[in-house]
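input-v3.csv (CSV, C-alpha atoms)
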```
chain,number,residue,atom,x,y,z
S,250,MET,CA,229.0,56.2,-49.1
S,251,SER,CA,229.8,54.5,-52.4
S,252,ILE,CA,231.1,51.0,-53.3
S,253,HIS,CA,234.8,50.6,-52.6
S,254,ASP,CA,237.3,48.0,-53.7
S,255,HIS,CA,239.2,45.8,-51.3
S,256,ASN,CA,241.3,42.7,-51.8
S,257,SER,CA,239.8,40.6,-49.1
S,258,CYS,CA,237.1,40.5,-46.5
S,259,PRO,CA,239.0,40.4,-43.2
S,260,GLY,CA,237.3,38.6,-40.5
S,261,HIS,CA,234.4,37.2,-42.6
S,262,GLY,CA,236.0,34.1,-44.2
S,263,CYS,CA,236.2,35.8,-47.6
S,264,GLU,CA,239.9,36.0,-48.1
S,265,GLY,CA,240.9,35.5,-51.7
S,266,LEU,CA,237.3,35.6,-52.9
S,267,CYS,CA,235.3,38.4,-54.6
S,268,CYS,CA,232.1,39.6,-53.0
S,269,LEU,CA,229.8,42.5,-52.4
S,270,GLU,CA,229.5,43.3,-48.8
S,271,LEU,CA,227.0,45.6,-47.2
S,272,LYS,CA,227.6,46.7,-43.6
S,273,ASP,CA,224.8,48.4,-41.6
S,274,VAL,CA,223.3,50.0,-44.7
S,275,GLY,CA,220.2,52.2,-44.1
S,276,VAL,CA,218.1,54.4,-46.4
S,277,SER,CA,215.7,57.1,-45.4
S,278,MET,CA,213.6,59.4,-47.6
S,279,GLY,CA,211.2,62.2,-46.6
S,280,GLY,CA,211.6,61.3,-43.0
S,281,GLN,CA,210.7,57.7,-43.5
S,282,GLU,CA,213.1,54.8,-42.8
S,283,LEU,CA,213.0,52.5,-45.9
S,284,LEU,CA,215.9,50.2,-45.0
S,285,ARG,CA,217.6,49.7,-41.6
S,286,SER,CA,220.8,48.0,-40.6
S,287,ILE,CA,221.3,45.9,-43.8
S,288,SER,CA,224.3,43.6,-43.5
S,289,LEU,CA,225.0,40.8,-46.0
S,290,HIS,CA,227.5,39.2,-48.4
S,291,LEU,CA,227.0,38.3,-52.1
S,292,HIS,CA,229.8,36.2,-53.4
S,293,CYS,CA,230.9,35.7,-57.0
S,294,GLY,CA,229.4,32.5,-58.5
S,295,GLU,CA,226.5,32.6,-56.0
S,296,ILE,CA,222.8,33.0,-56.6
S,297,VAL,CA,221.1,34.9,-53.8
S,298,ALA,CA,217.3,35.2,-53.7
S,299,LEU,CA,215.8,38.2,-52.0
S,300,ILE,CA,212.3,37.6,-50.6
S,301,GLY,CA,209.8,39.7,-48.7
S,302,PRO,CA,206.3,41.1,-48.8
S,303,ASN,CA,205.4,44.0,-51.1
S,304,GLY,CA,206.8,47.2,-49.7
S,305,ALA,CA,209.6,45.4,-47.8
S,306,GLY,CA,212.3,47.4,-49.5
S,307,LYS,CA,213.5,45.0,-52.2
S,308,SER,CA,213.6,47.5,-55.0
S,309,THR,CA,215.0,50.1,-52.6
S,310,LEU,CA,217.9,47.8,-51.8
S,311,PHE,CA,218.5,47.2,-55.5
S,312,LYS,CA,218.6,50.9,-56.2
S,313,THR,CA,221.0,51.4,-53.3
S,314,ILE,CA,223.4,48.8,-54.6
S,315,LEU,CA,223.1,50.4,-58.1
S,316,GLY,CA,224.2,53.7,-56.6
S,317,GLN,CA,220.9,55.4,-57.3
S,318,LEU,CA,220.0,56.2,-53.7
S,319,PRO,CA,221.9,57.9,-50.8
S,320,HIS,CA,222.5,55.7,-47.8
S,321,SER,CA,224.2,55.3,-44.5
S,322,GLY,CA,226.5,52.5,-43.7
S,323,ASP,CA,229.0,51.0,-46.2
S,324,LEU,CA,229.0,49.0,-49.5
S,325,GLN,CA,232.3,47.4,-50.4
S,326,PHE,CA,233.3,45.3,-53.5
S,327,HIS,CA,236.1,42.9,-52.8
S,328,ARG,CA,238.0,41.5,-55.8
S,329,SER,CA,240.2,38.4,-55.7
S,330,ASP,CA,242.5,39.8,-58.5
S,331,GLY,CA,243.5,42.9,-56.5
S,332,LYS,CA,242.4,45.3,-59.2
S,333,ARG,CA,241.0,48.6,-58.0
S,334,SER,CA,238.0,49.5,-60.0
S,335,ARG,CA,234.2,49.9,-59.4
S,336,PRO,CA,232.2,46.7,-60.0
S,337,ILE,CA,230.2,46.5,-63.2
S,338,ILE,CA,226.6,45.8,-62.3
S,339,GLY,CA,224.0,44.5,-64.8
S,340,TYR,CA,220.4,45.2,-64.0
S,341,VAL,CA,217.1,43.8,-65.3
S,342,PRO,CA,214.1,45.8,-64.2
S,343,GLN,CA,210.7,44.2,-63.4
S,344,SER,CA,208.5,43.4,-66.4
S,345,PRO,CA,209.0,46.5,-68.6
S,346,ALA,CA,206.0,47.0,-70.9
S,347,PHE,CA,206.3,47.1,-74.7
S,348,ASP,CA,203.5,47.9,-77.1
S,349,ARG,CA,202.4,44.6,-78.7
S,350,GLY,CA,202.2,46.4,-82.1
S,351,ASP,CA,205.6,48.0,-81.9
S,352,PRO,CA,207.5,47.2,-85.1
S,353,VAL,CA,210.9,47.6,-83.4
S,354,SER,CA,212.8,44.3,-83.5
S,355,VAL,CA,215.2,42.7,-80.9
S,356,LEU,CA,218.0,43.7,-83.2
S,357,ASP,CA,216.8,47.3,-83.3
S,358,PHE,CA,216.3,47.5,-79.6
S,359,LEU,CA,219.7,46.1,-78.6
S,360,SER,CA,221.6,48.0,-81.3
S,361,ALA,CA,220.1,51.3,-79.9
S,362,ALA,CA,220.9,50.2,-76.4
S,363,ILE,CA,224.4,48.9,-76.9
S,364,ALA,CA,225.8,51.2,-79.6
S,365,ASP,CA,223.3,54.1,-79.5
S,366,TRP,CA,222.4,53.3,-83.1
S,367,PRO,CA,219.3,55.0,-84.5
S,368,VAL,CA,216.5,52.5,-85.2
S,369,PHE,CA,215.6,54.2,-88.5
S,370,LEU,CA,219.0,53.5,-90.0
S,371,PRO,CA,220.2,50.2,-91.6
S,372,ILE,CA,222.2,48.2,-89.1
S,373,PRO,CA,225.7,47.4,-90.3
S,374,GLY,CA,226.8,43.8,-90.3
S,375,LYS,CA,229.4,44.3,-87.6
S,376,LEU,CA,226.8,45.6,-85.2
S,377,ARG,CA,224.4,42.8,-86.1
S,378,ARG,CA,227.1,40.2,-85.3
S,379,GLN,CA,227.8,41.9,-82.0
S,380,VAL,CA,224.1,41.8,-81.0
S,381,GLY,CA,224.0,38.2,-82.1
S,382,LEU,CA,226.9,37.3,-79.8
S,383,CYS,CA,225.2,39.1,-76.9
S,384,LEU,CA,222.0,37.1,-77.4
S,385,GLU,CA,224.0,33.8,-77.5
S,386,ARG,CA,224.9,34.3,-73.9
S,387,THR,CA,221.3,33.8,-73.0
S,388,HIS,CA,220.5,31.3,-75.8
S,389,ALA,CA,218.3,33.9,-77.5
S,390,GLN,CA,220.1,34.3,-80.8
S,391,GLY,CA,217.0,33.0,-82.6
S,392,LEU,CA,215.0,36.1,-81.4
S,393,LEU,CA,217.3,38.5,-83.3
S,394,ASP,CA,214.7,39.6,-85.9
S,395,LYS,CA,211.6,39.0,-83.9
S,396,ARG,CA,209.5,42.1,-82.9
S,397,ILE,CA,210.1,42.9,-79.3
S,398,GLY,CA,206.4,43.5,-78.7
S,399,ALA,CA,205.7,39.9,-79.8
S,400,LEU,CA,208.0,38.2,-77.3
S,401,SER,CA,206.7,36.0,-74.6
S,402,GLY,CA,207.6,36.8,-71.0
S,403,GLY,CA,210.4,34.3,-70.9
S,404,GLU,CA,211.8,35.5,-74.3
S,405,LEU,CA,211.7,39.1,-73.1
S,406,GLN,CA,213.6,38.2,-70.0
S,407,ARG,CA,216.3,36.5,-72.1
S,408,VAL,CA,216.7,39.6,-74.3
S,409,LEU,CA,216.9,41.9,-71.2
S,410,MET,CA,219.4,39.6,-69.6
S,411,ALA,CA,221.5,39.7,-72.8
S,412,LEU,CA,221.6,43.5,-72.6
S,413,ALA,CA,222.5,43.4,-68.9
S,414,LEU,CA,225.4,41.1,-69.7
S,415,GLU,CA,226.9,43.6,-72.1
S,416,PRO,CA,229.6,44.3,-71.0
S,417,LEU,CA,230.0,41.3,-68.8
S,418,PRO,CA,229.2,42.5,-65.2
S,419,HIS,CA,230.6,41.3,-61.8
S,420,ILE,CA,227.1,41.4,-60.4
S,421,LEU,CA,223.7,40.7,-62.1
S,422,ILE,CA,220.6,42.1,-60.4
S,423,LEU,CA,217.2,40.8,-61.5
S,424,ASP,CA,213.9,42.4,-60.2
S,425,GLU,CA,211.2,39.7,-60.2
S,426,PRO,CA,212.6,37.8,-63.3
S,427,LEU,CA,210.0,35.1,-63.0
S,428,SER,CA,207.0,37.4,-63.1
S,429,GLY,CA,204.8,36.8,-66.1
S,430,VAL,CA,206.7,33.7,-67.1
S,431,ASP,CA,205.1,30.3,-67.5
S,432,VAL,CA,206.3,27.2,-65.6
S,433,GLU,CA,208.4,25.9,-68.5
S,434,GLY,CA,209.9,29.4,-69.0
S,435,GLU,CA,210.7,29.6,-65.3
S,436,ARG,CA,212.7,26.4,-65.4
S,437,GLN,CA,214.6,27.5,-68.5
S,438,LEU,CA,215.4,30.8,-67.0
S,439,LEU,CA,216.6,29.4,-63.8
S,440,ASP,CA,218.7,26.8,-65.6
S,441,MET,CA,220.2,29.6,-67.6
S,442,LEU,CA,221.0,31.7,-64.5
S,443,ASP,CA,222.8,28.6,-63.1
S,444,GLU,CA,224.8,28.3,-66.3
S,445,LEU,CA,225.6,32.0,-66.3
S,446,ARG,CA,226.9,32.1,-62.8
S,447,LYS,CA,229.2,29.1,-63.4
S,448,THR,CA,230.4,30.3,-66.8
S,449,TYR,CA,231.2,33.9,-65.9
S,450,ASP,CA,231.6,33.6,-62.1
S,451,LEU,CA,228.8,36.1,-61.6
S,452,SER,CA,227.2,37.2,-58.4
S,453,ILE,CA,223.4,37.0,-59.1
S,454,LEU,CA,220.9,38.7,-56.8
S,455,LEU,CA,217.3,38.3,-57.7
S,456,SER,CA,213.9,39.0,-56.0
S,457,THR,CA,211.1,36.5,-56.3
S,458,HIS,CA,207.8,35.4,-54.8
S,459,ASP,CA,208.2,31.9,-56.2
S,460,PHE,CA,209.4,30.1,-53.1
S,461,ALA,CA,209.0,26.6,-54.6
S,462,THR,CA,212.0,27.1,-56.8
S,463,LEU,CA,214.4,28.4,-54.2
S,464,GLU,CA,215.8,25.0,-52.9
S,465,GLY,CA,216.6,24.0,-56.4
S,466,TYR,CA,218.6,27.1,-57.5
S,467,ALA,CA,219.4,29.5,-54.7
S,468,ASP,CA,222.6,29.2,-52.7
S,469,LYS,CA,221.3,31.7,-50.2
S,470,VAL,CA,218.0,33.3,-49.3
S,471,ILE,CA,217.6,36.7,-47.6
S,472,LEU,CA,214.2,37.5,-46.0
S,473,LEU,CA,213.8,41.3,-46.0
S,474,LYS,CA,211.2,43.4,-44.3
S,475,ASN,CA,212.9,46.8,-44.2
S,476,THR,CA,215.7,45.0,-42.4
S,477,VAL,CA,217.2,41.5,-42.8
S,478,LEU,CA,215.0,39.2,-40.7
S,479,LYS,CA,216.7,36.0,-41.7
S,480,GLN,CA,219.4,34.8,-44.1
S,481,GLY,CA,220.8,31.4,-44.8
S,482,SER,CA,220.2,28.4,-47.0
S,483,PRO,CA,216.7,28.0,-48.6
S,484,THR,CA,215.9,25.3,-46.0
S,485,GLN,CA,216.9,27.5,-43.1
S,486,VAL,CA,215.0,30.5,-44.3
S,487,LEU,CA,211.8,28.8,-45.6
S,488,GLY,CA,211.5,26.7,-42.4
S,489,SER,CA,212.2,29.6,-40.0
S,490,PRO,CA,209.7,31.3,-37.6
S,491,GLU,CA,210.5,34.6,-39.3
S,492,PHE,CA,209.3,33.3,-42.7
S,493,GLN,CA,206.1,31.9,-41.2
S,494,ASP,CA,205.4,35.2,-39.3
S,495,VAL,CA,205.8,37.3,-42.5
S,496,PHE,CA,204.0,35.0,-45.0
S,497,HIS,CA,201.9,32.9,-42.8
S,498,LEU,CA,203.2,29.8,-44.6
S,499,ARG,CA,204.8,26.7,-43.2
S,500,MET,CA,207.3,25.2,-45.6
S,501,GLY,CA,209.2,22.7,-43.5
S,502,ARG,CA,211.5,22.7,-40.5
S,503,GLU,CA,214.3,25.2,-40.1
S,504,GLY,CA,217.6,23.7,-41.1
S,505,LEU,CA,220.5,23.5,-38.6
```

Could I get this structure in the form of structure tokens?
Amino acid sequence: MSIHDHNSCPGHGCEGLCCLELKDVGVSMGGQELLRSISLHLHCGEIVALIGPNGAGKSTLFKTILGQLPHSGDLQFHRSDGKRSRPIIGYVPQSPAFDRGDPVSVLDFLSAAIADWPVFLPIPGKLRRQVGLCLERTHAQGLLDKRIGALSGGELQRVLMALALEPLPHILILDEPLSGVDVEGERQLLDMLDELRKTYDLSILLSTHDFATLEGYADKVILLKNTVLKQGSPTQVLGSPEFQDVFHLRMGREGL
């Protein structure tokens, strides 16, 4: 089934709000069950962290939401304005590799991606201004003429997020955005995500292994291991027996 539009979420306390709702979603490939009975809500303006061990199905879940994998169950997008259209989803993949010696600039890269402009042609001023405005959303306008291969991990994430925000999506999905980013870069990226969700009322779904940051930024945490083992506030999930069983870590008491 595909993502559908509805005006409310009857029976789930979501009336008048926009959200992505998954109901009993499953994914199987080659006779192997990759995801089973996934049910969750992702509300607009909310940051949701998806955690789980390697091979737990996090990337599979992202691809399912993006419409790249067939699935059982139902995905529904509920809009508060009553408009009937598919949600726009922005996606940032995990740590794409660029050749450090690549001469392509951030301007070249985004111009090709946004407007399909050939990198070997001079870029017109109008397109340069459009790319600059995209980068302003992630406070990355100073990177416009920098070589993309010379960017730090945090700088590259800002550029990729700027691309994922053009056009402005309803849902932003980030696969391990903190991977390869130093501590200061992590803080800046998380602050920026908090700003983006408030400014644009975005639903943000990200996967991470950095559990220490969750209580400061995530509204909800979902513990996944092929199915949802636990979901709730960071305190509830990180302090749960399910979290301890999966990661063999004790990070506090389970919240009530």

Handout entry: For Gly306 (chain S), the nearest of the candidates S:Gly434, S:Gly391, S:Gly275, S:Gly374, counting all atoms listed in the file
Key =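 The closest residue to Gly306 (chain S) is S:Gly275.
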
Practice task
Can you pull out every residue within 10 Å of region 277-292 of chain S, counting all atoms listed in the file, but drop anything in the same chain fewer than 6 positions away, and send it as a PyMOL selection string?
Solution key: chain S and resi 258+261+263+266-271+304-307+309-310+313+318-327+419-420+450-454+469+471+473-478+480

Requested write-out: C-alpha atoms of the selected residues, as a PDB file, in the coordinates of the input:
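The resulting file, out-v2.pdb, is reproduced below:
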```pdb
ATOM      1  CA  CYS S 258     237.100  40.500 -46.500  1.00  0.00           C
ATOM      2  CA  HIS S 261     234.400  37.200 -42.600  1.00  0.00           C
ATOM      3  CA  CYS S 263     236.200  35.800 -47.600  1.00  0.00           C
ATOM      4  CA  LEU S 266     237.300  35.600 -52.900  1.00  0.00           C
ATOM      5  CA  CYS S 267     235.300  38.400 -54.600  1.00  0.00           C
ATOM      6  CA  CYS S 268     232.100  39.600 -53.000  1.00  0.00           C
ATOM      7  CA  LEU S 269     229.800  42.500 -52.400  1.00  0.00           C
ATOM      8  CA  GLU S 270     229.500  43.300 -48.800  1.00  0.00           C
ATOM      9  CA  LEU S 271     227.000  45.600 -47.200  1.00  0.00           C
ATOM     10  CA  GLY S 304     206.800  47.200 -49.700  1.00  0.00           C
ATOM     11  CA  ALA S 305     209.600  45.400 -47.800  1.00  0.00           C
ATOM     12  CA  GLY S 306     212.300  47.400 -49.500  1.00  0.00           C
ATOM     13  CA  LYS S 307     213.500  45.000 -52.200  1.00  0.00           C
ATOM     14  CA  THR S 309     215.000  50.100 -52.600  1.00  0.00           C
ATOM     15  CA  LEU S 310     217.900  47.800 -51.800  1.00  0.00           C
ATOM     16  CA  THR S 313     221.000  51.400 -53.300  1.00  0.00           C
ATOM     17  CA  LEU S 318     220.000  56.200 -53.700  1.00  0.00           C
ATOM     18  CA  PRO S 319     221.900  57.900 -50.800  1.00  0.00           C
ATOM     19  CA  HIS S 320     222.500  55.700 -47.800  1.00  0.00           C
ATOM     20  CA  SER S 321     224.200  55.300 -44.500  1.00  0.00           C
ATOM     21  CA  GLY S 322     226.500  52.500 -43.700  1.00  0.00           C
ATOM     22  CA  ASP S 323     229.000  51.000 -46.200  1.00  0.00           C
ATOM     23  CA  LEU S 324     229.000  49.000 -49.500  1.00  0.00           C
ATOM     24  CA  GLN S 325     232.300  47.400 -50.400  1.00  0.00           C
ATOM     25  CA  PHE S 326     233.300  45.300 -53.500  1.00  0.00           C
ATOM     26  CA  HIS S 327     236.100  42.900 -52.800  1.00  0.00           C
ATOM     27  CA  HIS S 419     230.600  41.300 -61.800  1.00  0.00           C
ATOM     28  CA  ILE S 420     227.100  41.400 -60.400  1.00  0.00           C
ATOM     29  CA  ASP S 450     231.600  33.600 -62.100  1.00  0.00           C
ATOM     30  CA  LEU S 451     228.800  36.100 -61.600  1.00  0.00           C
ATOM     31  CA  SER S 452     227.200  37.200 -58.400  1.00  0.00           C
ATOM     32  CA  ILE S 453     223.400  37.000 -59.100  1.00  0.00           C
ATOM     33  CA  LEU S 454     220.900  38.700 -56.800  1.00  0.00           C
ATOM     34  CA  LYS S 469     221.300  31.700 -50.200  1.00  0.00           C
ATOM     35  CA  ILE S 471     217.600  36.700 -47.600  1.00  0.00           C
ATOM     36  CA  LEU S 473     213.800  41.300 -46.000  1.00  0.00           C
ATOM     37  CA  LYS S 474     211.200  43.400 -44.300  1.00  0.00           C
ATOM     38  CA  ASN S 475     212.900  46.800 -44.200  1.00  0.00           C
ATOM     39  CA  THR S 476     215.700  45.000 -42.400  1.00  0.00           C
ATOM     40  CA  VAL S 477     217.200  41.500 -42.800  1.00  0.00           C
ATOM     41  CA  LEU S 478     215.000  39.200 -40.700  1.00  0.00           C
ATOM     42  CA  GLN S 480     219.400  34.800 -44.100  1.00  0.00           C
TER      43      GLN S 480
END
```

Exercise for the section: Determine the nearest neighbour of Leu405 (chain S) from the options S:Val274, S:Ala362, S:Val341, S:Ile372, counting only C-alpha atoms. Expected result: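 So, comparing all the options, the nearest one is S:Val341.
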
Practice task
Could you please determine the separation between CA of Arg446 (chain S) and CA of Tyr466 (chain S) in Å, to one decimal place?
Solution key: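 These two atoms are separated by 11.0 Å.
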
Practice task
Measure the distance from CA of Gly488 (chain S) to CA of Leu421 (chain S) in Å and round it to one decimal.
Solution key: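 Rounded to one decimal, the two atoms are 27.1 Å apart.
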
Practice task
Report the distance between CA of Gly350 (chain S) and CA of Pro371 (chain S) in Å, rounded to one decimal place.
Solution key: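 Between CA of Gly350 (chain S) and CA of Pro371 (chain S) the gap works out to 20.7 Å.
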
Exercise for the section: For Glu491 (chain S), work out the shell of residues within 8 Å, counting all atoms listed in the file and skipping chain neighbours fewer than 3 positions away, then give it as number ranges by chain. Expected result: S: 478-479, 486, 494-495

Writer output for current selection, C-alpha atoms, as a PDB file, in the coordinates of the input:
```
ATOM      1  CA  LEU S 478     215.000  39.200 -40.700  1.00  0.00           C
ATOM      2  CA  LYS S 479     216.700  36.000 -41.700  1.00  0.00           C
ATOM      3  CA  VAL S 486     215.000  30.500 -44.300  1.00  0.00           C
ATOM      4  CA  ASP S 494     205.400  35.200 -39.300  1.00  0.00           C
ATOM      5  CA  VAL S 495     205.800  37.300 -42.500  1.00  0.00           C
TER       6      VAL S 495
END
```

Problem - Selected residue, from S:Ile397, S:Leu472, S:Val368, S:Leu412, that lies nearest to Val380 (chain S) when counting only C-alpha atoms - result: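 Answer, going by the shortest atom-to-atom distance: S:Leu412.
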
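Distance annotation: of S:Ala461, S:Arg396, S:Leu417, S:Ala346, the residue with the minimal separation from Leu498 (chain S) is S:Ala461; atom set is only C-alpha atoms.
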
Exercise for the section: Write out as a count of residues only the residues lying within 12 Å of Asp459 (chain S), counting only C-alpha atoms and excluding same-chain residues fewer than 6 positions away. Expected result: 20
